[in-house]
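Colleague: So I've got this file, coords-v3.cif, and it contains mmCIF, C-alpha atoms and all ligand atoms:
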data_final
#
loop_
_atom_site.label_atom_id
_atom_site.label_comp_id
_atom_site.auth_asym_id
_atom_site.auth_seq_id
_atom_site.Cartn_x
_atom_site.Cartn_y
_atom_site.Cartn_z
CA MET A 1 201.39 176.70 99.49
CA GLU A 2 201.81 180.36 98.85
CA ALA A 3 205.03 179.90 96.95
CA ASP A 4 203.11 177.62 94.64
CA ALA A 5 200.49 180.18 93.78
CA PRO A 6 200.58 180.80 90.06
CA GLY A 7 200.56 184.57 90.51
CA PRO A 8 198.59 187.15 88.58
CA PHE A 9 200.57 186.68 85.39
CA ALA A 10 199.58 183.07 85.12
CA LEU A 11 195.99 183.85 85.82
CA SER A 12 195.72 186.51 83.18
CA ALA A 13 197.63 184.38 80.77
CA HIS A 14 194.84 183.23 78.57
CA ALA A 15 193.75 186.42 76.95
CA VAL A 16 194.40 185.31 73.43
CA CYS A 17 193.50 181.73 74.02
CA GLY A 18 191.26 179.67 71.95
CA ARG A 19 189.71 180.92 68.84
CA ARG A 20 191.81 183.99 68.25
CA GLY A 21 195.14 184.72 66.70
CA PHE A 22 195.48 182.52 63.71
CA LEU A 23 199.14 181.92 63.41
CA LEU A 24 200.71 182.94 60.13
CA ALA A 25 197.53 184.74 59.33
CA GLY A 26 199.02 187.09 56.82
CA THR A 27 201.92 187.54 54.53
CA ALA A 28 202.77 190.98 55.87
CA GLY A 29 205.28 190.03 58.53
CA LEU A 30 207.80 192.54 59.78
CA LEU A 31 210.75 190.36 58.88
CA GLY A 32 211.14 188.51 55.66
CA LEU A 33 212.70 185.11 55.57
CA ALA A 34 216.15 185.34 57.01
CA GLY A 35 218.43 185.49 54.06
CA CYS A 36 215.87 187.02 51.76
CA ARG A 37 216.42 190.71 52.22
CA SER A 38 218.58 191.85 49.40
CA GLU A 39 217.39 194.60 47.10
CA PRO A 40 215.69 193.09 44.10
CA PRO A 41 215.23 194.89 40.82
CA ARG A 42 212.48 197.42 41.50
CA GLY A 43 210.37 199.89 39.60
CA PRO A 44 207.17 199.65 37.65
CA ALA A 45 208.80 198.13 34.60
CA ARG A 46 209.70 194.62 35.61
CA PRO A 47 211.64 192.90 32.90
CA ALA A 48 209.11 191.08 30.83
CA ALA A 49 211.56 188.38 29.90
CA GLY A 50 211.47 186.14 32.94
CA PRO A 51 212.22 182.47 33.18
CA GLY A 52 209.85 179.88 31.82
CA ARG A 53 207.72 177.86 34.21
CA ALA A 54 209.71 174.68 33.69
CA ALA A 55 212.98 176.36 34.66
CA VAL A 56 211.49 177.72 37.90
CA ASP A 57 209.85 174.40 38.71
CA ALA A 58 213.22 172.66 38.38
CA LEU A 59 214.93 175.27 40.56
CA LEU A 60 212.32 174.99 43.29
CA GLU A 61 212.38 171.24 43.20
CA ALA A 62 216.13 171.32 43.75
CA ARG A 63 215.71 173.71 46.69
CA SER A 64 212.97 171.61 48.28
CA ARG A 65 215.01 168.44 47.92
CA ALA A 66 218.05 170.15 49.42
CA VAL A 67 216.06 171.27 52.48
CA LEU A 68 214.73 167.78 53.11
CA GLU A 69 218.10 166.13 52.53
CA ARG A 70 219.93 168.80 54.52
CA ASP A 71 222.12 169.39 51.49
CA ALA A 72 223.63 172.87 51.92
CA GLU A 73 225.60 172.66 48.71
CA GLY A 74 222.53 171.69 46.72
CA PHE A 75 220.53 174.51 48.26
CA LEU A 76 223.17 177.15 47.58
CA ALA A 77 223.61 175.87 44.04
CA THR A 78 220.20 177.45 43.35
CA VAL A 79 221.43 180.89 44.46
CA HIS A 80 223.19 183.25 42.04
CA PRO A 81 226.96 183.50 42.77
CA ASP A 82 227.01 187.21 41.91
CA GLU A 83 224.77 188.11 44.87
CA PRO A 84 227.16 187.59 47.81
CA GLY A 85 225.00 189.41 50.39
CA PHE A 86 221.85 187.52 49.49
CA ARG A 87 223.83 184.31 49.23
CA ALA A 88 225.16 184.72 52.79
CA ARG A 89 221.63 185.21 54.07
CA GLN A 90 220.40 182.17 52.16
CA GLU A 91 223.15 180.21 53.84
CA GLU A 92 221.89 181.45 57.18
CA LEU A 93 218.35 180.50 56.20
CA PHE A 94 219.45 177.03 55.19
CA THR A 95 221.24 176.54 58.52
CA ALA A 96 218.05 177.50 60.38
CA LEU A 97 215.93 175.18 58.23
CA SER A 98 218.36 172.31 58.66
CA ARG A 99 217.80 172.37 62.43
CA LEU A 100 214.05 171.77 62.08
CA PRO A 101 212.50 168.30 61.68
CA PHE A 102 210.50 168.64 58.49
CA GLY A 103 208.54 165.68 57.24
CA SER A 104 207.81 167.57 54.06
CA TRP A 105 208.84 170.88 52.53
CA ARG A 106 207.91 172.05 49.09
CA GLU A 107 208.15 175.37 47.31
CA SER A 108 206.11 175.64 44.13
CA VAL A 109 205.16 178.42 41.75
CA GLU A 110 201.91 180.17 42.33
CA ARG A 111 202.49 183.04 39.94
CA LEU A 112 205.27 184.30 37.68
CA GLU A 113 205.50 188.01 36.88
CA GLY A 114 208.64 188.65 34.87
CA THR A 115 211.48 187.65 37.17
CA LEU A 116 209.39 187.68 40.36
CA ALA A 117 208.03 184.34 41.48
CA THR A 118 205.23 184.18 44.02
CA LEU A 119 205.57 180.84 45.74
CA ARG A 120 203.42 178.49 47.70
CA LEU A 121 205.48 176.96 50.47
CA ALA A 122 203.93 173.88 52.07
CA TYR A 123 205.55 172.07 54.97
CA ARG A 124 204.86 169.67 57.80
CA TYR A 125 206.76 168.94 60.97
CA ARG A 126 207.54 165.23 60.96
CA ASP A 127 205.37 163.08 63.28
CA PHE A 128 203.31 166.10 64.35
CA ASP A 129 201.53 167.89 61.53
CA THR A 130 198.68 165.99 59.94
CA GLY A 131 198.25 168.45 57.08
CA ASP A 132 200.32 170.96 55.16
CA VAL A 133 201.05 174.38 56.60
CA VAL A 134 200.84 176.68 53.58
CA LEU A 135 202.58 180.05 53.28
CA THR A 136 203.16 182.60 50.56
CA THR A 137 206.78 183.54 49.85
CA TYR A 138 208.62 185.35 47.08
CA LEU A 139 211.83 184.91 45.14
CA GLU A 140 213.48 187.02 42.50
CA LEU A 141 215.23 185.21 39.66
CA GLY A 142 218.09 186.21 37.42
CA ARG A 143 219.96 184.83 34.45
CA ALA A 144 223.05 182.74 35.10
CA GLY A 145 224.84 181.36 32.12
CA GLY A 146 222.22 179.64 30.02
CA GLY A 147 219.78 179.19 32.91
CA TRP A 148 218.18 180.92 35.86
CA LEU A 149 219.06 181.17 39.55
CA VAL A 150 217.65 182.88 42.64
CA THR A 151 218.96 186.43 43.06
CA GLY A 152 216.83 187.89 45.84
CA ASP A 153 213.55 187.96 47.70
CA GLY A 154 210.38 189.81 46.85
CA GLY A 155 211.63 193.16 48.16
CA ASP A 156 208.69 194.95 49.73
CA ARG A 157 206.54 191.86 49.31
CA GLU A 158 207.36 190.16 52.54
CA ASP A 159 207.19 186.49 53.28
CA ALA A 160 204.86 185.16 55.94
CA PRO A 161 206.68 185.10 59.30
CA GLU A 162 207.83 181.71 60.53
CA SER A 163 210.06 180.33 63.27
CA TRP A 164 213.03 180.04 60.92
CA THR A 165 213.10 183.79 60.31
CA ASP A 166 215.22 183.60 63.47
CA PRO A 167 218.65 182.36 62.34
CA ASP A 168 219.24 180.91 65.82
CA VAL A 169 216.12 178.77 65.81
CA ARG A 170 216.38 175.18 66.94
CA ALA A 171 213.99 172.38 67.87
CA VAL A 172 213.66 170.03 70.81
CA ARG A 173 211.68 166.85 70.60
CA GLY A 174 209.95 165.68 73.76
CA GLU A 175 208.03 162.44 74.19
CA SER A 176 204.77 164.02 73.14
CA CYS A 177 205.81 167.39 71.84
CA LEU A 178 208.01 169.37 69.54
CA VAL A 179 209.23 172.76 70.74
CA VAL A 180 210.63 175.16 68.16
CA GLY A 181 212.33 178.47 68.85
CA ARG A 182 215.05 179.75 71.11
CA GLY A 183 215.78 179.75 74.85
CA PRO A 184 214.71 177.09 77.38
CA LEU A 185 213.08 174.76 74.87
CA GLU A 186 213.96 171.65 76.92
CA GLN A 187 212.12 173.12 79.91
CA VAL A 188 208.98 173.75 77.88
CA ALA A 189 209.17 170.29 76.30
CA ASP A 190 209.57 168.58 79.65
CA ARG A 191 206.66 170.50 81.12
CA LEU A 192 204.41 169.90 78.13
CA ASP A 193 205.12 166.18 78.14
CA ARG A 194 203.96 166.02 81.72
CA CYS A 195 200.76 167.95 80.96
CA VAL A 196 199.52 165.52 78.32
CA PRO A 197 198.15 162.85 80.73
CA ALA A 198 196.27 165.53 82.69
CA VAL A 199 194.41 166.56 79.54
CA THR A 200 193.77 162.97 78.44
CA ALA A 201 192.36 162.19 81.91
CA VAL A 202 189.46 164.55 81.22
CA VAL A 203 189.20 164.68 77.44
CA GLY A 204 189.85 160.98 76.81
CA SER A 205 192.31 159.45 74.41
CA GLY A 206 190.55 160.52 71.22
CA TRP A 207 192.98 163.33 70.50
CA ALA A 208 196.49 163.28 69.07
CA ARG A 209 198.07 163.50 72.57
CA ARG A 210 200.92 165.50 71.14
CA ALA A 211 201.54 169.14 70.34
CA VAL A 212 203.87 171.61 68.69
CA ALA A 213 204.91 174.61 70.80
CA LEU A 214 206.76 177.69 69.66
CA LEU A 215 208.99 179.69 71.98
CA PRO A 216 210.18 182.70 69.96
CA GLY A 217 213.39 184.48 70.88
CA ASP A 218 211.81 187.81 71.77
CA ALA A 219 208.53 189.66 72.13
CA ASP A 220 208.58 191.05 68.58
CA ARG A 221 208.85 187.60 67.07
CA ALA A 222 206.09 186.35 69.36
CA GLU A 223 203.85 189.15 68.13
CA GLU A 224 204.64 188.37 64.49
CA LEU A 225 203.84 184.71 65.01
CA ALA A 226 200.62 185.71 66.75
CA GLY A 227 199.55 187.42 63.53
CA GLY A 228 200.48 190.88 64.76
CA ARG A 229 198.51 190.70 68.00
CA SER A 230 200.14 192.10 71.10
CA PHE A 231 201.54 189.44 73.41
CA GLU A 232 201.95 191.77 76.34
CA GLY A 233 200.85 190.24 79.63
CA ILE A 234 200.17 186.91 77.97
CA ALA A 235 202.00 183.74 79.01
CA ALA A 236 200.88 181.49 76.18
CA ALA A 237 198.21 181.13 73.53
CA ALA A 238 196.69 178.30 71.56
CA THR A 239 196.66 179.10 67.87
CA ALA A 240 196.29 177.35 64.57
CA THR A 241 197.99 177.75 61.25
CA ARG A 242 195.71 178.57 58.36
CA ASN A 243 194.87 176.13 55.58
CA ALA A 244 194.89 177.27 51.98
CA ASP A 245 191.10 177.65 52.09
CA GLY A 246 191.32 179.81 55.22
CA SER A 247 190.11 177.13 57.64
CA PRO A 248 192.13 176.41 60.82
CA GLY A 249 195.03 174.07 60.22
CA GLN A 250 197.76 172.76 62.50
CA ALA A 251 197.66 173.56 66.21
CA ARG A 252 200.51 175.54 67.75
CA ILE A 253 200.99 176.58 71.36
CA LEU A 254 202.72 179.93 71.29
CA VAL A 255 204.70 180.52 74.49
CA SER A 256 205.68 184.06 75.41
CA PRO A 257 209.45 184.50 75.80
CA GLU A 258 208.81 187.27 78.33
CA GLY A 259 206.01 185.51 80.18
CA TRP A 260 207.60 182.08 80.56
CA PRO A 261 210.50 183.09 82.86
CA ARG A 262 208.09 185.01 85.08
CA LEU A 263 205.95 181.97 85.80
CA ASN A 264 206.65 179.74 88.77
CA PRO A 265 206.41 175.95 88.34
CA LEU A 266 202.72 175.83 89.19
CA GLY A 267 201.99 178.71 86.83
CA ARG A 268 203.78 176.93 83.99
CA ARG A 269 201.84 173.77 84.63
CA VAL A 270 198.52 175.60 84.71
CA VAL A 271 199.25 177.61 81.58
CA LEU A 272 200.48 174.71 79.47
CA THR A 273 197.72 172.34 80.62
CA HIS A 274 195.18 175.03 79.76
CA GLU A 275 196.62 175.58 76.27
CA LEU A 276 197.02 171.86 75.66
CA THR A 277 193.33 171.45 76.49
CA HIS A 278 192.56 173.96 73.74
CA VAL A 279 194.68 171.87 71.37
CA ALA A 280 192.84 168.70 72.37
CA MET A 281 189.45 170.40 71.92
CA GLU A 282 190.50 172.13 68.68
CA SER A 283 189.50 175.48 70.13
CA ALA A 284 191.52 177.65 67.75
CA GLY A 285 189.11 178.59 65.03
CA ASP A 286 186.08 177.27 66.93
CA GLU A 287 183.58 180.10 66.61
CA ARG A 288 180.57 178.21 67.88
CA THR A 289 181.19 176.87 71.35
CA PRO A 290 180.34 179.48 74.01
CA MET A 291 183.50 181.13 75.35
CA TRP A 292 182.64 180.36 78.96
CA LEU A 293 182.78 176.67 78.08
CA VAL A 294 185.96 176.95 76.00
CA GLU A 295 187.93 178.87 78.62
CA GLY A 296 186.22 177.45 81.70
CA PHE A 297 186.80 173.89 80.54
CA ALA A 298 190.50 174.54 79.86
CA ASP A 299 190.89 176.04 83.32
CA HIS A 300 188.95 173.18 84.83
CA VAL A 301 191.41 170.68 83.37
CA ALA A 302 194.39 172.80 84.46
CA TYR A 303 193.24 173.48 88.02
CA ARG A 304 191.93 169.96 88.53
CA ALA A 305 195.38 168.64 87.66
CA THR A 306 197.11 171.03 90.03
CA GLY A 307 194.49 170.97 92.80
CA THR A 308 194.46 174.76 92.89
CA PRO A 309 191.63 175.95 95.18
CA PRO A 310 189.14 178.68 94.15
CA ALA A 311 190.42 181.12 96.76
CA VAL A 312 193.78 181.12 94.94
CA ALA A 313 192.75 180.67 91.33
CA ALA A 314 189.67 182.92 91.50
CA ARG A 315 191.02 185.57 93.82
CA GLU A 316 189.61 188.66 92.05
CA LEU A 317 186.17 187.11 91.73
CA ALA A 318 186.24 185.95 95.35
CA GLU A 319 186.93 189.50 96.48
CA GLU A 320 183.91 190.73 94.56
CA VAL A 321 181.66 187.97 95.87
CA ALA A 322 182.83 188.64 99.43
CA ARG A 323 181.69 192.24 98.93
CA GLY A 324 178.30 190.93 97.86
CA GLU A 325 178.86 191.68 94.17
CA LEU A 326 177.65 188.68 92.22
CA PRO A 327 177.85 188.67 88.43
CA ASP A 328 174.49 188.78 86.65
CA GLY A 329 175.25 186.13 84.07
CA LEU A 330 177.86 183.88 82.56
CA PRO A 331 180.63 185.80 80.74
CA SER A 332 180.05 186.57 77.07
CA ARG A 333 182.54 186.56 74.20
CA GLU A 334 183.20 190.30 74.69
CA ASP A 335 184.12 189.69 78.33
CA PHE A 336 187.12 187.66 77.11
CA ALA A 337 188.42 190.30 74.72
CA THR A 338 191.98 191.48 75.34
CA GLY A 339 191.83 194.53 77.57
CA ALA A 340 188.31 193.79 78.83
CA PRO A 341 187.93 195.45 82.26
CA ARG A 342 187.06 192.25 84.13
CA LEU A 343 189.10 189.82 82.05
CA SER A 344 190.51 187.87 85.02
CA GLN A 345 187.05 187.58 86.52
CA ALA A 346 185.62 186.35 83.20
CA TYR A 347 188.05 183.42 83.25
CA GLN A 348 187.29 182.78 86.90
CA GLU A 349 183.52 182.89 86.35
CA ALA A 350 183.83 180.49 83.43
CA TRP A 351 186.02 178.14 85.42
CA MET A 352 183.62 178.11 88.36
CA ALA A 353 180.71 177.31 86.03
CA CYS A 354 182.57 174.33 84.58
CA ARG A 355 183.76 173.26 88.02
CA MET A 356 180.16 173.29 89.19
CA VAL A 357 178.95 171.22 86.23
CA ALA A 358 181.78 168.71 86.71
CA GLY A 359 181.09 168.46 90.44
CA ARG A 360 177.32 168.07 90.15
CA TYR A 361 176.85 166.17 86.90
CA GLY A 362 180.27 164.57 86.38
CA GLU A 363 183.09 165.33 83.99
CA ASP A 364 181.66 163.14 81.24
CA ARG A 365 178.63 165.37 81.05
CA LEU A 366 180.73 168.51 81.16
CA LEU A 367 182.62 167.18 78.15
CA ARG A 368 179.37 166.27 76.40
CA LEU A 369 177.97 169.71 77.12
CA TYR A 370 181.07 171.28 75.54
CA ARG A 371 180.75 169.18 72.41
CA GLU A 372 176.99 169.63 72.08
CA ALA A 373 177.17 173.38 72.62
CA GLY A 374 179.56 173.58 69.66
CA ARG A 375 176.99 171.93 67.39
CA ARG A 376 173.74 173.52 68.46
CA SER A 377 172.42 176.29 70.68
CA GLU A 378 173.63 176.58 74.24
CA ARG A 379 170.08 176.28 75.52
CA ASP A 380 169.43 173.04 73.60
CA ALA A 381 172.75 171.61 74.77
CA LEU A 382 172.00 172.47 78.39
CA ARG A 383 168.53 170.95 78.17
CA ASP A 384 169.64 167.73 76.50
CA VAL A 385 172.82 167.13 78.47
CA LEU A 386 172.01 168.53 81.91
CA GLY A 387 168.22 168.72 81.80
CA VAL A 388 168.16 172.45 82.57
CA GLU A 389 167.55 175.46 80.34
CA ASP A 390 169.78 177.88 82.14
CA LEU A 391 172.64 177.65 84.61
CA THR A 392 172.69 181.24 85.84
CA GLY A 393 170.75 180.86 89.09
CA ALA A 394 172.53 177.71 90.22
CA TRP A 395 175.90 179.16 89.23
CA ARG A 396 175.36 182.39 91.21
CA GLU A 397 174.41 180.33 94.25
CA TYR A 398 177.51 178.20 93.71
CA LEU A 399 179.72 181.30 93.59
CA ARG A 400 178.19 182.53 96.82
CA GLY A 401 178.77 179.17 98.48
CA GLU A 402 182.31 178.59 97.19
CA LEU A 403 183.70 182.10 97.26
CA GLY A 404 181.48 184.12 99.61
ZN ZN B 1 192.33 179.73 76.92
#
Any chance you could give the structure as structure tokens?
Modeller:
Amino acid sequence: MEADAPGPFALSAHAVCGRRGFLLAGTAGLLGLAGCRSEPPRGPARPAAGPGRAAVDALLEARSRAVLERDAEGFLATVHPDEPGFRARQEELFTALSRLPFGSWRESVERLEGTLATLRLAYRYRDFDTGDVVLTTYLELGRAGGGWLVTGDGGDREDAPESWTDPDVRAVRGESCLVVGRGPLEQVADRLDRCVPAVTAVVGSGWARRAVALLPGDADRAEELAGGRSFEGIAAAATATRNADGSPGQARILVSPEGWPRLNPLGRRVVLTHELTHVAMESAGDERTPMWLVEGFADHVAYRATGTPPAVAARELAEEVARGELPDGLPSREDFATGAPRLSQAYQEAWMACRMVAGRYGEDRLLRLYREAGRRSERDALRDVLGVEDLTGAWREYLRGELG
């Protein structure tokens, strides 16, 4: 049994779970689009005489079509021949894009300032995304013969980071998942596929029962994709892309390239089932449901599926309880903040609360409590679903009984 213990890394793996870390949250990534790093014309005086809107629209339409049709020649025909360095990087970019299963991809003009075009890039992964993922990117344009072609990127205006900023990116399609990135993608896909039924068993079949996971090539890329948040000590996180209006968009499970190899099989199963539960419950961007329910429920699904006992999965909390130190109340939002002093215990406390509710009232009511607590006050949800106003007393007794 011991060899199957997830280990401390797995158990502290959820620190950026749930509502935090909107993926692609900004346009200030550290790397621009691969292939978009040439030096554009700079200086305060941008040439006023830029291309007309119609010319840029036609150019972008040709690029978008080339990406979808995997037409390298068509794509490179939009790039100026006198910019060999930029052209080589655009070729690299195209190769990366051509390995990804886009259902749609469209660059369009958002703003034209002289020869600099600010673009709106909207894409969807085929069979997975139900709405557009929208990013801001930049292209510099230059005259070529009688027309206009792409000559560079936006210089210091950097594109939003995405998986294809890694020229070695590839994608693996599982039965119920798409895994994009670099490294053991097949392993992640296989594991994720097998986690889906465990989530459906508790949540029901009213969710997509599929997910997109990202496994970046290194820690820096993981941090970029996490919107600049540190990924240190984190195995995986559930995030969401951002819609044009700022609301949460498409779910992504971000897997840490450093954390994944350090997890044993049970740890991987726990971590991915936990994150997949967040996807099913649309936790990323959910600011209303109490954190103890969001995180405790995800752990409940994960540990229920793996049969992990409290003594293993709630080791730190059990040690405290054995010393007679019982927590005063259910963990708050602050208790789940990265770097919080009792972060592991916060997850364990939340899990034990959900485990207690599931055991005493049934999983259906635990699920109802989760949904109700996201719509109204916690107290009202508790009263209407469980017939109690507060769980603290019962939960402390439960901890004493289960862990003491
Ligand atoms: Zn979580």
Colleague: Take the point (199.3, 175.8, 53.6) in the file's coordinates, draw a sphere of radius 9 Å around it, and report as a list in words every protein, DNA or RNA residue with an atom inside or on it, counting all atoms listed in the file.
Modeller: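 The answer, in the requested form, is Arg120, Leu121, Ala122, Tyr123, Gly131, Asp132, Val133, Val134, Leu135, Thr136, Thr241, Arg242, Asn243, Ala244, Asp245 and Gly249 of chain A.
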Colleague: Can you work out which one of A:Arg262, A:Pro310, A:Thr239, A:Ser256 has the shortest atom-to-atom distance to ligand ZN 1 (chain B), counting all atoms listed in the file?
Modeller: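 Smallest distance to ligand ZN 1 (chain B) is found for A:Thr239.
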Colleague: From the set A:Gly401, A:Gly324, A:Gly267, A:Gly296, which residue has the shortest atom-to-atom contact distance to ligand ZN 1 (chain B), counting all atoms listed in the file?
Modeller: A:Gly296
Colleague: Which neighbours of segment 379-394 of chain A fall inside 12 Å, counting all atoms listed in the file, when residues of the same chain fewer than 6 positions from it are skipped, and could you give them as an NGL selection string?
Modeller: :A and (289-290 or 292-293 or 326-331 or 349-350 or 352-354 or 356-358 or 360-373 or 400-401)
Colleague: Tell me, as a list in words, which residues lie within 9 Å of Ala322 of chain A, counting all atoms listed in the file; anything in the same chain fewer than 5 positions away does not count.
Modeller: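 My list of contacting residues is Leu317, Arg400, Leu403 and Gly404 of chain A.
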Colleague: Could segment 259-281 of chain A be completed with N, CA and C atoms and returned as a PDB file, in the frame of the given file?
Modeller:
ATOM      1  N   GLY A 259     206.899 186.048  79.149  1.00  0.00           N
ATOM      2  CA  GLY A 259     206.010 185.510  80.180  1.00  0.00           C
ATOM      3  C   GLY A 259     206.560 184.255  80.839  1.00  0.00           C
ATOM      4  N   TRP A 260     207.157 183.383  80.049  1.00  0.00           N
ATOM      5  CA  TRP A 260     207.600 182.080  80.560  1.00  0.00           C
ATOM      6  C   TRP A 260     208.538 182.203  81.768  1.00  0.00           C
ATOM      7  N   PRO A 261     209.593 183.026  81.699  1.00  0.00           N
ATOM      8  CA  PRO A 261     210.500 183.090  82.860  1.00  0.00           C
ATOM      9  C   PRO A 261     209.845 183.683  84.107  1.00  0.00           C
ATOM     10  N   ARG A 262     208.750 184.392  83.923  1.00  0.00           N
ATOM     11  CA  ARG A 262     208.090 185.010  85.080  1.00  0.00           C
ATOM     12  C   ARG A 262     207.130 184.065  85.783  1.00  0.00           C
ATOM     13  N   LEU A 263     206.875 182.921  85.185  1.00  0.00           N
ATOM     14  CA  LEU A 263     205.950 181.970  85.800  1.00  0.00           C
ATOM     15  C   LEU A 263     206.689 181.030  86.746  1.00  0.00           C
ATOM     16  N   ASN A 264     206.064 180.760  87.892  1.00  0.00           N
ATOM     17  CA  ASN A 264     206.650 179.740  88.770  1.00  0.00           C
ATOM     18  C   ASN A 264     206.199 178.363  88.270  1.00  0.00           C
ATOM     19  N   PRO A 265     206.727 177.290  88.874  1.00  0.00           N
ATOM     20  CA  PRO A 265     206.410 175.950  88.340  1.00  0.00           C
ATOM     21  C   PRO A 265     204.914 175.666  88.242  1.00  0.00           C
ATOM     22  N   LEU A 266     204.162 176.084  89.246  1.00  0.00           N
ATOM     23  CA  LEU A 266     202.720 175.830  89.190  1.00  0.00           C
ATOM     24  C   LEU A 266     202.083 176.633  88.049  1.00  0.00           C
ATOM     25  N   GLY A 267     202.505 177.874  87.905  1.00  0.00           N
ATOM     26  CA  GLY A 267     201.990 178.710  86.830  1.00  0.00           C
ATOM     27  C   GLY A 267     202.244 178.086  85.474  1.00  0.00           C
ATOM     28  N   ARG A 268     203.438 177.563  85.262  1.00  0.00           N
ATOM     29  CA  ARG A 268     203.780 176.930  83.990  1.00  0.00           C
ATOM     30  C   ARG A 268     202.892 175.717  83.713  1.00  0.00           C
ATOM     31  N   ARG A 269     202.661 174.963  84.776  1.00  0.00           N
ATOM     32  CA  ARG A 269     201.840 173.770  84.630  1.00  0.00           C
ATOM     33  C   ARG A 269     200.399 174.146  84.274  1.00  0.00           C
ATOM     34  N   VAL A 270     199.891 175.153  84.974  1.00  0.00           N
ATOM     35  CA  VAL A 270     198.520 175.600  84.710  1.00  0.00           C
ATOM     36  C   VAL A 270     198.392 176.119  83.274  1.00  0.00           C
ATOM     37  N   VAL A 271     199.325 176.979  82.900  1.00  0.00           N
ATOM     38  CA  VAL A 271     199.250 177.610  81.580  1.00  0.00           C
ATOM     39  C   VAL A 271     199.343 176.566  80.459  1.00  0.00           C
ATOM     40  N   LEU A 272     200.310 175.674  80.560  1.00  0.00           N
ATOM     41  CA  LEU A 272     200.480 174.710  79.470  1.00  0.00           C
ATOM     42  C   LEU A 272     199.356 173.673  79.447  1.00  0.00           C
ATOM     43  N   THR A 273     198.851 173.284  80.613  1.00  0.00           N
ATOM     44  CA  THR A 273     197.720 172.340  80.620  1.00  0.00           C
ATOM     45  C   THR A 273     196.498 173.001  79.998  1.00  0.00           C
ATOM     46  N   HIS A 274     196.300 174.268  80.329  1.00  0.00           N
ATOM     47  CA  HIS A 274     195.180 175.030  79.760  1.00  0.00           C
ATOM     48  C   HIS A 274     195.295 175.083  78.223  1.00  0.00           C
ATOM     49  N   GLU A 275     196.465 175.450  77.723  1.00  0.00           N
ATOM     50  CA  GLU A 275     196.620 175.580  76.270  1.00  0.00           C
ATOM     51  C   GLU A 275     196.527 174.213  75.575  1.00  0.00           C
ATOM     52  N   LEU A 276     197.080 173.213  76.234  1.00  0.00           N
ATOM     53  CA  LEU A 276     197.020 171.860  75.660  1.00  0.00           C
ATOM     54  C   LEU A 276     195.568 171.375  75.588  1.00  0.00           C
ATOM     55  N   THR A 277     194.758 171.788  76.542  1.00  0.00           N
ATOM     56  CA  THR A 277     193.330 171.450  76.490  1.00  0.00           C
ATOM     57  C   THR A 277     192.689 172.084  75.264  1.00  0.00           C
ATOM     58  N   HIS A 278     193.074 173.324  74.967  1.00  0.00           N
ATOM     59  CA  HIS A 278     192.560 173.960  73.740  1.00  0.00           C
ATOM     60  C   HIS A 278     192.982 173.169  72.502  1.00  0.00           C
ATOM     61  N   VAL A 279     194.220 172.673  72.508  1.00  0.00           N
ATOM     62  CA  VAL A 279     194.680 171.870  71.370  1.00  0.00           C
ATOM     63  C   VAL A 279     193.815 170.616  71.240  1.00  0.00           C
ATOM     64  N   ALA A 280     193.615 169.951  72.380  1.00  0.00           N
ATOM     65  CA  ALA A 280     192.840 168.700  72.370  1.00  0.00           C
ATOM     66  C   ALA A 280     191.406 168.947  71.900  1.00  0.00           C
ATOM     67  N   MET A 281     190.834 170.103  72.275  1.00  0.00           N
ATOM     68  CA  MET A 281     189.450 170.400  71.920  1.00  0.00           C
ATOM     69  C   MET A 281     189.336 171.167  70.606  1.00  0.00           C
TER      70      MET A 281
END
